[in-house]
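Dropping data_15.txt in here (compact mmCIF, C-alpha atoms):
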```txt
# COMPACT_ATOMS: atom_id res chain seq x y z
CA MET A 1422 116.40 83.87 102.03
CA ALA A 1423 117.33 85.29 98.64
CA THR A 1424 116.13 88.77 97.81
CA ARG A 1425 113.20 88.95 95.46
CA PRO A 1426 113.97 90.02 91.87
CA PRO A 1427 113.71 92.34 90.06
CA LEU A 1428 114.11 95.06 92.69
CA THR A 1429 117.64 94.25 93.81
CA ARG A 1430 118.86 92.46 90.69
CA ASP A 1431 121.89 94.08 89.04
CA ARG A 1432 122.19 96.61 91.91
CA ALA A 1433 125.36 97.13 93.85
CA PRO A 1434 125.01 96.48 97.60
CA LEU A 1435 125.74 99.39 99.89
CA PRO A 1436 127.00 97.93 103.18
CA THR A 1437 124.76 98.95 106.08
CA GLU A 1438 126.58 97.12 108.90
CA THR A 1439 123.13 96.43 110.39
CA GLU A 1440 121.61 92.96 110.39
CA GLY A 1441 118.25 92.87 108.70
CA LEU A 1442 118.69 96.06 106.64
CA ASN A 1443 119.96 95.99 103.05
CA ALA A 1444 120.62 98.82 100.61
CA HIS A 1445 121.35 98.59 96.89
CA VAL A 1446 122.12 101.16 94.20
CA GLY A 1447 121.46 100.71 90.48
CA GLU A 1448 122.88 102.37 87.40
CA ASP A 1449 119.32 103.33 86.44
CA GLY A 1450 119.24 105.86 89.29
CA VAL A 1451 116.93 103.75 91.47
CA ALA A 1452 118.08 102.68 94.94
CA VAL A 1453 116.41 99.95 97.01
CA LEU A 1454 116.15 99.85 100.80
CA GLU A 1455 115.08 96.40 102.01
CA PHE A 1456 114.07 95.04 105.39
CA ASP A 1457 115.49 91.54 105.53
CA ARG A 1458 114.32 89.56 108.55
CA PRO A 1459 111.83 87.23 106.86
CA HIS A 1460 111.98 84.76 109.75
CA ARG A 1461 110.44 87.56 111.88
CA ARG A 1462 108.23 88.96 109.12
CA ASN A 1463 110.72 91.83 108.81
CA ALA A 1464 109.99 93.17 112.28
CA VAL A 1465 112.04 96.33 112.79
CA THR A 1466 114.63 96.09 115.56
CA LEU A 1467 116.00 98.98 117.56
CA ALA A 1468 119.27 98.59 115.65
CA ILE A 1469 117.41 99.04 112.35
CA TRP A 1470 115.53 102.10 113.61
CA GLN A 1471 118.85 103.58 114.74
CA ALA A 1472 120.61 102.80 111.45
CA LEU A 1473 117.95 104.14 109.09
CA PRO A 1474 118.87 107.87 109.19
CA GLN A 1475 122.53 107.22 108.36
CA VAL A 1476 121.75 104.63 105.67
CA LEU A 1477 119.27 107.01 104.06
CA LYS A 1478 121.85 109.82 104.19
CA ARG A 1479 124.39 107.61 102.42
CA LEU A 1480 121.85 106.63 99.77
CA ALA A 1481 120.94 110.28 99.20
CA GLU A 1482 124.63 111.11 98.70
CA GLU A 1483 125.26 108.26 96.24
CA PRO A 1484 126.01 109.72 92.79
CA GLY A 1485 123.19 109.19 90.35
CA VAL A 1486 120.48 108.14 92.82
CA ARG A 1487 117.21 109.80 91.82
CA ALA A 1488 114.53 107.56 93.39
CA LEU A 1489 114.21 105.08 96.25
CA LEU A 1490 112.11 101.93 96.60
CA VAL A 1491 111.47 100.67 100.15
CA THR A 1492 110.46 97.03 100.49
CA GLY A 1493 110.77 93.84 102.51
CA ALA A 1494 112.27 90.44 101.78
CA GLY A 1495 110.36 87.17 101.77
CA GLY A 1496 106.94 88.40 100.69
CA THR A 1497 106.35 90.75 103.67
CA PHE A 1498 106.90 94.50 103.93
CA SER A 1499 107.15 94.63 107.73
CA ALA A 1500 105.02 93.35 110.59
CA GLY A 1501 106.10 96.39 112.63
CA ALA A 1502 108.42 97.02 115.55
CA ASP A 1503 109.96 93.92 117.12
CA ILE A 1504 107.51 92.94 119.88
CA ASP A 1505 110.19 91.13 121.90
CA GLU A 1506 112.07 94.42 122.21
CA LEU A 1507 108.94 96.44 122.98
CA ALA A 1508 108.20 94.27 126.00
CA GLY A 1509 111.47 95.45 127.55
CA VAL A 1510 111.19 99.03 126.36
CA TYR A 1511 107.82 99.65 127.99
CA GLY A 1512 109.04 98.38 131.34
CA ASP A 1513 111.06 101.59 131.77
CA PRO A 1514 109.63 105.09 131.04
CA ASP A 1515 113.05 106.53 130.16
CA ARG A 1516 113.74 103.71 127.71
CA ALA A 1517 110.29 104.18 126.17
CA ASP A 1518 110.92 107.90 125.61
CA ALA A 1519 114.30 107.19 124.01
CA TYR A 1520 112.81 104.46 121.84
CA HIS A 1521 110.07 106.74 120.53
CA ALA A 1522 112.64 109.45 119.75
CA ILE A 1523 114.74 106.97 117.74
CA ASN A 1524 111.63 105.65 115.99
CA VAL A 1525 110.45 109.13 115.00
CA ALA A 1526 113.96 110.16 113.85
CA ALA A 1527 114.00 107.21 111.44
CA GLU A 1528 110.57 108.12 110.09
CA GLU A 1529 111.54 111.77 109.68
CA ALA A 1530 114.72 110.78 107.81
CA LEU A 1531 112.69 108.73 105.35
CA ALA A 1532 110.14 111.51 104.86
CA ALA A 1533 112.97 114.01 104.27
CA PHE A 1534 114.77 111.88 101.66
CA PRO A 1535 115.48 114.37 98.85
CA HIS A 1536 114.24 112.13 96.01
CA PRO A 1537 110.91 110.35 95.44
CA THR A 1538 110.31 107.37 97.71
CA ILE A 1539 107.93 104.50 97.01
CA ALA A 1540 106.93 101.83 99.52
CA VAL A 1541 106.56 98.53 97.65
CA VAL A 1542 104.22 96.59 99.91
CA HIS A 1543 103.84 92.82 99.85
CA GLY A 1544 102.13 90.89 102.63
CA ALA A 1545 101.87 92.48 106.06
CA CYS A 1546 102.48 96.22 106.48
CA VAL A 1547 101.59 96.75 110.11
CA GLY A 1548 102.38 99.11 113.00
CA GLY A 1549 105.87 100.53 112.64
CA GLY A 1550 106.07 99.03 109.15
CA CYS A 1551 103.01 101.02 108.12
CA GLN A 1552 104.48 104.08 109.82
CA LEU A 1553 107.48 103.83 107.48
CA ALA A 1554 105.27 103.21 104.44
CA VAL A 1555 103.28 106.35 105.30
CA ALA A 1556 106.55 108.30 105.50
CA CYS A 1557 107.25 107.42 101.86
CA ASP A 1558 105.93 109.67 99.11
CA LEU A 1559 103.88 106.90 97.49
CA ARG A 1560 102.68 103.38 98.28
CA PHE A 1561 102.39 100.64 95.64
CA VAL A 1562 100.60 97.69 97.21
CA ALA A 1563 100.09 94.05 96.26
CA ALA A 1564 96.45 93.04 95.93
CA ASP A 1565 96.84 90.47 98.70
CA ALA A 1566 98.63 92.81 101.16
CA ARG A 1567 97.22 93.81 104.54
CA LEU A 1568 97.86 97.22 106.10
CA GLY A 1569 97.13 98.63 109.53
CA ILE A 1570 98.44 100.65 112.47
CA THR A 1571 97.83 98.80 115.70
CA PRO A 1572 98.87 100.78 118.84
CA ALA A 1573 95.32 100.53 120.23
CA LYS A 1574 95.75 96.75 120.42
CA LEU A 1575 98.85 97.19 122.60
CA GLY A 1576 97.94 100.23 124.69
CA VAL A 1577 100.73 102.21 123.06
CA VAL A 1578 100.30 105.96 122.54
CA TYR A 1579 101.23 106.60 118.92
CA PRO A 1580 103.73 109.52 118.73
CA ALA A 1581 102.57 112.90 117.48
CA VAL A 1582 104.75 112.96 114.35
CA PRO A 1583 103.37 109.77 112.72
CA THR A 1584 99.83 110.58 113.96
CA LEU A 1585 99.85 113.94 112.18
CA ARG A 1586 101.59 112.51 109.10
CA LEU A 1587 98.88 109.86 108.80
CA ALA A 1588 96.17 112.50 109.23
CA ARG A 1589 97.71 114.65 106.48
CA LEU A 1590 97.75 111.62 104.18
CA VAL A 1591 94.26 110.21 104.71
CA GLY A 1592 92.41 112.97 106.60
CA PRO A 1593 91.67 113.29 110.34
CA ALA A 1594 88.55 111.12 110.44
CA ARG A 1595 90.17 108.29 108.52
CA ALA A 1596 93.28 108.51 110.69
CA LYS A 1597 91.02 108.15 113.73
CA TYR A 1598 89.33 105.15 112.13
CA LEU A 1599 92.68 103.46 111.59
CA LEU A 1600 94.20 104.34 114.97
CA PHE A 1601 91.09 103.79 117.08
CA SER A 1602 90.37 100.36 115.61
CA GLY A 1603 93.81 98.97 114.79
CA GLU A 1604 92.06 97.02 112.02
CA LEU A 1605 94.06 95.48 109.21
CA LEU A 1606 92.80 96.62 105.83
CA SER A 1607 92.83 94.76 102.54
CA ALA A 1608 94.70 96.50 99.73
CA PRO A 1609 91.48 97.76 98.07
CA GLU A 1610 90.27 99.08 101.43
CA ALA A 1611 93.60 100.81 102.01
CA ALA A 1612 93.38 102.43 98.57
CA ALA A 1613 89.82 103.62 99.27
CA LEU A 1614 91.04 105.31 102.46
CA GLY A 1615 94.00 106.95 100.69
CA LEU A 1616 96.62 104.66 102.21
CA ALA A 1617 97.69 103.23 98.83
CA GLU A 1618 98.13 104.94 95.47
CA ARG A 1619 98.27 101.80 93.32
CA VAL A 1620 97.09 98.23 93.91
CA LEU A 1621 98.51 95.57 91.61
CA PRO A 1622 98.67 91.77 91.42
CA ALA A 1623 101.53 90.58 93.62
CA ALA A 1624 103.38 89.08 90.65
CA GLU A 1625 103.34 92.44 88.84
CA LEU A 1626 104.01 94.79 91.74
CA ASP A 1627 107.82 94.92 91.78
CA ALA A 1628 108.16 95.44 88.04
CA ALA A 1629 105.51 98.17 88.05
CA ALA A 1630 107.12 99.99 90.98
CA LEU A 1631 110.55 99.79 89.36
CA GLU A 1632 109.20 101.05 86.04
CA PHE A 1633 107.53 104.02 87.75
CA ALA A 1634 110.67 104.81 89.76
CA ARG A 1635 112.70 104.80 86.56
CA LEU A 1636 110.16 107.19 85.03
CA LEU A 1637 110.64 109.57 87.96
CA THR A 1638 114.40 109.64 87.37
CA THR A 1639 113.65 111.29 84.01
CA ARG A 1640 111.64 114.12 85.58
CA SER A 1641 112.96 117.45 86.84
CA PRO A 1642 114.66 117.15 90.24
CA GLN A 1643 113.87 120.81 90.75
CA THR A 1644 110.13 120.29 90.31
CA ILE A 1645 110.10 117.16 92.47
CA GLY A 1646 112.13 118.80 95.22
CA ALA A 1647 109.84 121.81 95.28
CA VAL A 1648 106.73 119.63 95.53
CA LYS A 1649 108.23 117.65 98.40
CA ALA A 1650 109.21 120.86 100.22
CA ALA A 1651 105.75 122.43 99.85
CA LEU A 1652 103.85 119.35 100.98
CA ALA A 1653 106.13 118.59 103.94
CA VAL A 1654 104.87 121.60 105.90
CA PRO A 1655 101.44 122.87 107.03
CA PRO A 1656 99.49 124.62 104.23
CA GLU A 1657 100.05 128.06 105.71
CA ARG A 1658 103.82 127.58 105.35
CA ALA A 1659 103.81 126.14 101.82
CA ALA A 1660 104.53 129.49 100.12
CA GLU A 1661 107.46 130.06 102.45
CA ALA A 1662 108.83 126.59 101.75
CA LEU A 1663 108.49 127.07 97.99
CA ALA A 1664 110.06 130.54 97.86
CA PRO A 1665 113.74 129.43 97.70
CA TRP A 1666 112.89 126.82 95.06
CA GLU A 1667 111.14 129.46 92.96
CA ARG A 1668 114.11 131.81 93.26
CA ARG A 1669 116.56 129.09 92.24
CA SER A 1670 114.37 128.11 89.30
CA ARG A 1671 115.03 131.49 87.66
CA GLU A 1672 118.66 130.48 87.09
CA ALA A 1673 118.58 126.67 87.25
CA PRO A 1674 118.87 124.81 83.93
CA ASP A 1675 115.76 122.64 84.37
CA VAL A 1676 113.26 125.04 82.81
CA ARG A 1677 115.49 125.86 79.87
CA GLU A 1678 116.15 122.19 79.21
CA GLY A 1679 112.47 121.27 79.60
CA LEU A 1680 111.31 123.94 77.16
CA ALA A 1681 114.06 123.16 74.66
CA ALA A 1682 113.24 119.44 74.78
CA PHE A 1683 109.56 120.17 74.20
CA LEU A 1684 110.25 122.39 71.22
CA GLU A 1685 112.77 119.93 69.78
CA ARG A 1686 110.39 116.98 70.34
CA ARG A 1687 112.88 114.97 72.41
CA PRO A 1688 113.00 113.68 75.99
CA PRO A 1689 114.47 116.22 78.43
CA ARG A 1690 117.86 115.51 79.98
CA PHE A 1691 117.54 116.74 83.54
```

Could you write out this structure as C-alpha cells?
Amino acid sequence: MATRPPLTRDRAPLPTETEGLNAHVGEDGVAVLEFDRPHRRNAVTLAIWQALPQVLKRLAEEPGVRALLVTGAGGTFSAGADIDELAGVYGDPDRADAYHAINVAAEEALAAFPHPTIAVVHGACVGGGCQLAVACDLRFVAADARLGITPAKLGVVYPAVPTLRLARLVGPARAKYLLFSGELLSAPEAAALGLAERVLPAAELDAAALEFARLLTTRSPQTIGAVKAALAVPPERAAEALAPWERRSREAPDVREGLAAFLERRPPRF
C-alpha cells in the first residue's frame, strides 16, 4: 500500500533492510519513521524491534535532521507486538526474557533520540504500539484514533521501563487505570488522561504534525536538548542532567544568535 502523503512525500528513503519499517529524510530537517505492515495493522515484529535502535541511530546521524515523526502506513499507527510471535515467545522463559530486553532497548532508543519526536497516531495505537508512542516526546492523535495498553488482557507483565515511563507521562493513578483495565480510549479520552497533546481531524493530522515539526527545526537545539535531558531522569537528578548543558551554553552560539535575532527583529538561525 502506498505511503500516506504528506509525511513521506519529497523525502529521500533511508534503507532499513527490515521488512515493515521505513525511514525517510527531508530537506526541511524532518525525518519520518513509518511502520509499514498495513495487512497486519502494523503489528511490530521481532525483526522491527531489533532494527529500531540502529535505524534511529542512523536517522540521528543524518546531516540536517532536527525532528522526527513516527507513524504507521494504511491508516493505523500500530496494533502492537505481533501476536503470532508472542505465542511462541511466551512458551519459553528464556525467549521471553530476551524478547522483553529487545523490546525495551527499542523503546529506550526512541526515547533517547536527540531531537524532538512526535508520534502521529491514526487508527489503532495499542500495546507495543502505544509503548512506542509514549516513548516519543509528543503525541498528535487523529480524532477517530483509539489508544490503549493491553497486557492485562493477555496475562503479560508489562516491563518496568515502559510502566514507569507511562506513569511519568500521565501520573501513577492514571497509569494504573490504563494498565489494570487494558481499555482502549478514544482520542478525547486519551487527551484528558495526558496520553495525547493534540487531537485533530484525521484529514488534518499529518499536515499539522509536519508543520509543528518544521517549527521545531527553527528552535534552539541547545534548549531542546537540555529539556530532553532534564525530563529523561527522576526529578532529583534533573539539576545534575542539566549541568553540562548549562556549562556549554556559556560558550555555545545559540544564546548570542537568539538575542541578536530578537534585537534585529528577524528569525534566529540556529

Calculated over all atoms listed in the file, which of the candidates A:Arg1430, A:Arg1635, A:Arg1619, A:Arg1458 has the smallest distance to Leu1442 (chain A)?
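The shortest atom-to-atom distance to Leu1442 (chain A) comes from A:Arg1458.
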
So, counting all atoms listed in the file, which residue among A:Phe1456, A:Tyr1598, A:Tyr1520, A:Phe1683 is closest to Glu1506 (chain A)?
A:Tyr1520

Top pick for closest residue to Val1476 (chain A), considering A:Leu1636, A:Val1453, A:Ala1564, A:Ala1613 and counting only C-alpha atoms
A:Val1453

Just checking: using all atoms listed in the file, which residue out of A:Ala1481, A:Val1577, A:Cys1546, A:Cys1557 ends up closest to Arg1462 (chain A)?
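Under the stated criterion, the closest residue is A:Cys1546.
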
For region 1596-1688 of chain A against region 1579-1592 of chain A, with a cut-off of 9 Å and counting all atoms listed in the file, what is the closest atom pair and its distance in Å to one decimal for every residue that makes the cut, ordered by chain and number, as a Markdown table?
```
| residue | atom | partner | partner_atom | distance |
| --- | --- | --- | --- | --- |
| A:Ala1596 | CA | A:Ala1588 | CA | 5.1 |
| A:Lys1597 | CA | A:Ala1588 | CA | 8.1 |
| A:Leu1600 | CA | A:Tyr1579 | CA | 8.4 |
| A:Leu1614 | CA | A:Val1591 | CA | 6.3 |
| A:Gly1615 | CA | A:Val1591 | CA | 5.2 |
| A:Leu1616 | CA | A:Val1591 | CA | 6.5 |
```

If you measure from CA of Thr1644 (chain A) to CA of His1536 (chain A), what distance in Å do you get, rounded to one decimal?
10.8 Å

Could you complete region 1529-1552 of chain A so that it carries N, CA, C and O atoms, and give it back as a PDB file, keeping the file's coordinate frame?
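Written out: rebuild.pdb:
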```pdb
ATOM      1  N   GLU A1529     111.289 110.432 110.213  1.00  0.00           N
ATOM      2  CA  GLU A1529     111.540 111.770 109.680  1.00  0.00           C
ATOM      3  C   GLU A1529     112.634 111.724 108.606  1.00  0.00           C
ATOM      4  O   GLU A1529     112.559 112.446 107.608  1.00  0.00           O
ATOM      5  N   ALA A1530     113.650 110.893 108.801  1.00  0.00           N
ATOM      6  CA  ALA A1530     114.720 110.780 107.810  1.00  0.00           C
ATOM      7  C   ALA A1530     114.191 110.235 106.503  1.00  0.00           C
ATOM      8  O   ALA A1530     114.592 110.684 105.419  1.00  0.00           O
ATOM      9  N   LEU A1531     113.276 109.277 106.576  1.00  0.00           N
ATOM     10  CA  LEU A1531     112.690 108.730 105.350  1.00  0.00           C
ATOM     11  C   LEU A1531     111.813 109.769 104.673  1.00  0.00           C
ATOM     12  O   LEU A1531     111.874 109.949 103.447  1.00  0.00           O
ATOM     13  N   ALA A1532     111.012 110.485 105.445  1.00  0.00           N
ATOM     14  CA  ALA A1532     110.140 111.510 104.860  1.00  0.00           C
ATOM     15  C   ALA A1532     110.952 112.632 104.227  1.00  0.00           C
ATOM     16  O   ALA A1532     110.518 113.243 103.240  1.00  0.00           O
ATOM     17  N   ALA A1533     112.143 112.916 104.767  1.00  0.00           N
ATOM     18  CA  ALA A1533     112.970 114.010 104.270  1.00  0.00           C
ATOM     19  C   ALA A1533     113.919 113.583 103.150  1.00  0.00           C
ATOM     20  O   ALA A1533     114.691 114.417 102.663  1.00  0.00           O
ATOM     21  N   PHE A1534     113.877 112.320 102.737  1.00  0.00           N
ATOM     22  CA  PHE A1534     114.770 111.880 101.660  1.00  0.00           C
ATOM     23  C   PHE A1534     114.559 112.796 100.457  1.00  0.00           C
ATOM     24  O   PHE A1534     113.421 113.079 100.070  1.00  0.00           O
ATOM     25  N   PRO A1535     115.629 113.301  99.838  1.00  0.00           N
ATOM     26  CA  PRO A1535     115.480 114.370  98.850  1.00  0.00           C
ATOM     27  C   PRO A1535     114.887 113.933  97.512  1.00  0.00           C
ATOM     28  O   PRO A1535     114.548 114.796  96.699  1.00  0.00           O
ATOM     29  N   HIS A1536     114.777 112.627  97.273  1.00  0.00           N
ATOM     30  CA  HIS A1536     114.240 112.130  96.010  1.00  0.00           C
ATOM     31  C   HIS A1536     112.944 111.358  96.269  1.00  0.00           C
ATOM     32  O   HIS A1536     112.647 111.012  97.418  1.00  0.00           O
ATOM     33  N   PRO A1537     112.164 111.080  95.231  1.00  0.00           N
ATOM     34  CA  PRO A1537     110.910 110.350  95.440  1.00  0.00           C
ATOM     35  C   PRO A1537     111.132 108.994  96.082  1.00  0.00           C
ATOM     36  O   PRO A1537     112.068 108.272  95.744  1.00  0.00           O
ATOM     37  N   THR A1538     110.247 108.651  97.020  1.00  0.00           N
ATOM     38  CA  THR A1538     110.310 107.370  97.710  1.00  0.00           C
ATOM     39  C   THR A1538     108.997 106.625  97.499  1.00  0.00           C
ATOM     40  O   THR A1538     107.917 107.214  97.607  1.00  0.00           O
ATOM     41  N   ILE A1539     109.107 105.334  97.231  1.00  0.00           N
ATOM     42  CA  ILE A1539     107.930 104.500  97.010  1.00  0.00           C
ATOM     43  C   ILE A1539     108.021 103.277  97.896  1.00  0.00           C
ATOM     44  O   ILE A1539     108.990 102.516  97.815  1.00  0.00           O
ATOM     45  N   ALA A1540     107.032 103.072  98.750  1.00  0.00           N
ATOM     46  CA  ALA A1540     106.930 101.830  99.520  1.00  0.00           C
ATOM     47  C   ALA A1540     106.329 100.766  98.610  1.00  0.00           C
ATOM     48  O   ALA A1540     105.258 100.971  98.036  1.00  0.00           O
ATOM     49  N   VAL A1541     107.021  99.647  98.484  1.00  0.00           N
ATOM     50  CA  VAL A1541     106.560  98.530  97.650  1.00  0.00           C
ATOM     51  C   VAL A1541     106.101  97.446  98.625  1.00  0.00           C
ATOM     52  O   VAL A1541     106.909  96.745  99.225  1.00  0.00           O
ATOM     53  N   VAL A1542     104.780  97.322  98.782  1.00  0.00           N
ATOM     54  CA  VAL A1542     104.220  96.590  99.910  1.00  0.00           C
ATOM     55  C   VAL A1542     103.674  95.234  99.476  1.00  0.00           C
ATOM     56  O   VAL A1542     102.668  95.144  98.756  1.00  0.00           O
ATOM     57  N   HIS A1543     104.349  94.189  99.934  1.00  0.00           N
ATOM     58  CA  HIS A1543     103.840  92.820  99.850  1.00  0.00           C
ATOM     59  C   HIS A1543     103.457  92.366 101.252  1.00  0.00           C
ATOM     60  O   HIS A1543     104.084  92.756 102.241  1.00  0.00           O
ATOM     61  N   GLY A1544     102.453  91.527 101.358  1.00  0.00           N
ATOM     62  CA  GLY A1544     102.130  90.890 102.630  1.00  0.00           C
ATOM     63  C   GLY A1544     101.731  91.882 103.696  1.00  0.00           C
ATOM     64  O   GLY A1544     101.004  92.848 103.453  1.00  0.00           O
ATOM     65  N   ALA A1545     102.239  91.657 104.917  1.00  0.00           N
ATOM     66  CA  ALA A1545     101.870  92.480 106.060  1.00  0.00           C
ATOM     67  C   ALA A1545     102.632  93.803 106.057  1.00  0.00           C
ATOM     68  O   ALA A1545     103.841  93.845 105.842  1.00  0.00           O
ATOM     69  N   CYS A1546     101.901  94.875 106.311  1.00  0.00           N
ATOM     70  CA  CYS A1546     102.480  96.220 106.480  1.00  0.00           C
ATOM     71  C   CYS A1546     101.766  96.806 107.689  1.00  0.00           C
ATOM     72  O   CYS A1546     100.716  97.443 107.567  1.00  0.00           O
ATOM     73  N   VAL A1547     102.320  96.559 108.864  1.00  0.00           N
ATOM     74  CA  VAL A1547     101.590  96.750 110.110  1.00  0.00           C
ATOM     75  C   VAL A1547     102.405  97.590 111.087  1.00  0.00           C
ATOM     76  O   VAL A1547     103.640  97.499 111.124  1.00  0.00           O
ATOM     77  N   GLY A1548     101.726  98.379 111.911  1.00  0.00           N
ATOM     78  CA  GLY A1548     102.380  99.110 113.000  1.00  0.00           C
ATOM     79  C   GLY A1548     103.508  99.981 112.507  1.00  0.00           C
ATOM     80  O   GLY A1548     103.330 100.843 111.645  1.00  0.00           O
ATOM     81  N   GLY A1549     104.717  99.749 113.053  1.00  0.00           N
ATOM     82  CA  GLY A1549     105.870 100.530 112.640  1.00  0.00           C
ATOM     83  C   GLY A1549     106.202 100.372 111.181  1.00  0.00           C
ATOM     84  O   GLY A1549     106.742 101.291 110.546  1.00  0.00           O
ATOM     85  N   GLY A1550     105.877  99.214 110.590  1.00  0.00           N
ATOM     86  CA  GLY A1550     106.070  99.030 109.150  1.00  0.00           C
ATOM     87  C   GLY A1550     105.178  99.973 108.363  1.00  0.00           C
ATOM     88  O   GLY A1550     105.618 100.604 107.388  1.00  0.00           O
ATOM     89  N   CYS A1551     103.924 100.091 108.798  1.00  0.00           N
ATOM     90  CA  CYS A1551     103.010 101.020 108.120  1.00  0.00           C
ATOM     91  C   CYS A1551     103.421 102.465 108.364  1.00  0.00           C
ATOM     92  O   CYS A1551     103.274 103.317 107.484  1.00  0.00           O
ATOM     93  N   GLN A1552     103.959 102.748 109.543  1.00  0.00           N
ATOM     94  CA  GLN A1552     104.480 104.080 109.820  1.00  0.00           C
ATOM     95  C   GLN A1552     105.540 104.475 108.799  1.00  0.00           C
ATOM     96  O   GLN A1552     105.555 105.606 108.283  1.00  0.00           O
TER      97      GLN A1552
END
```
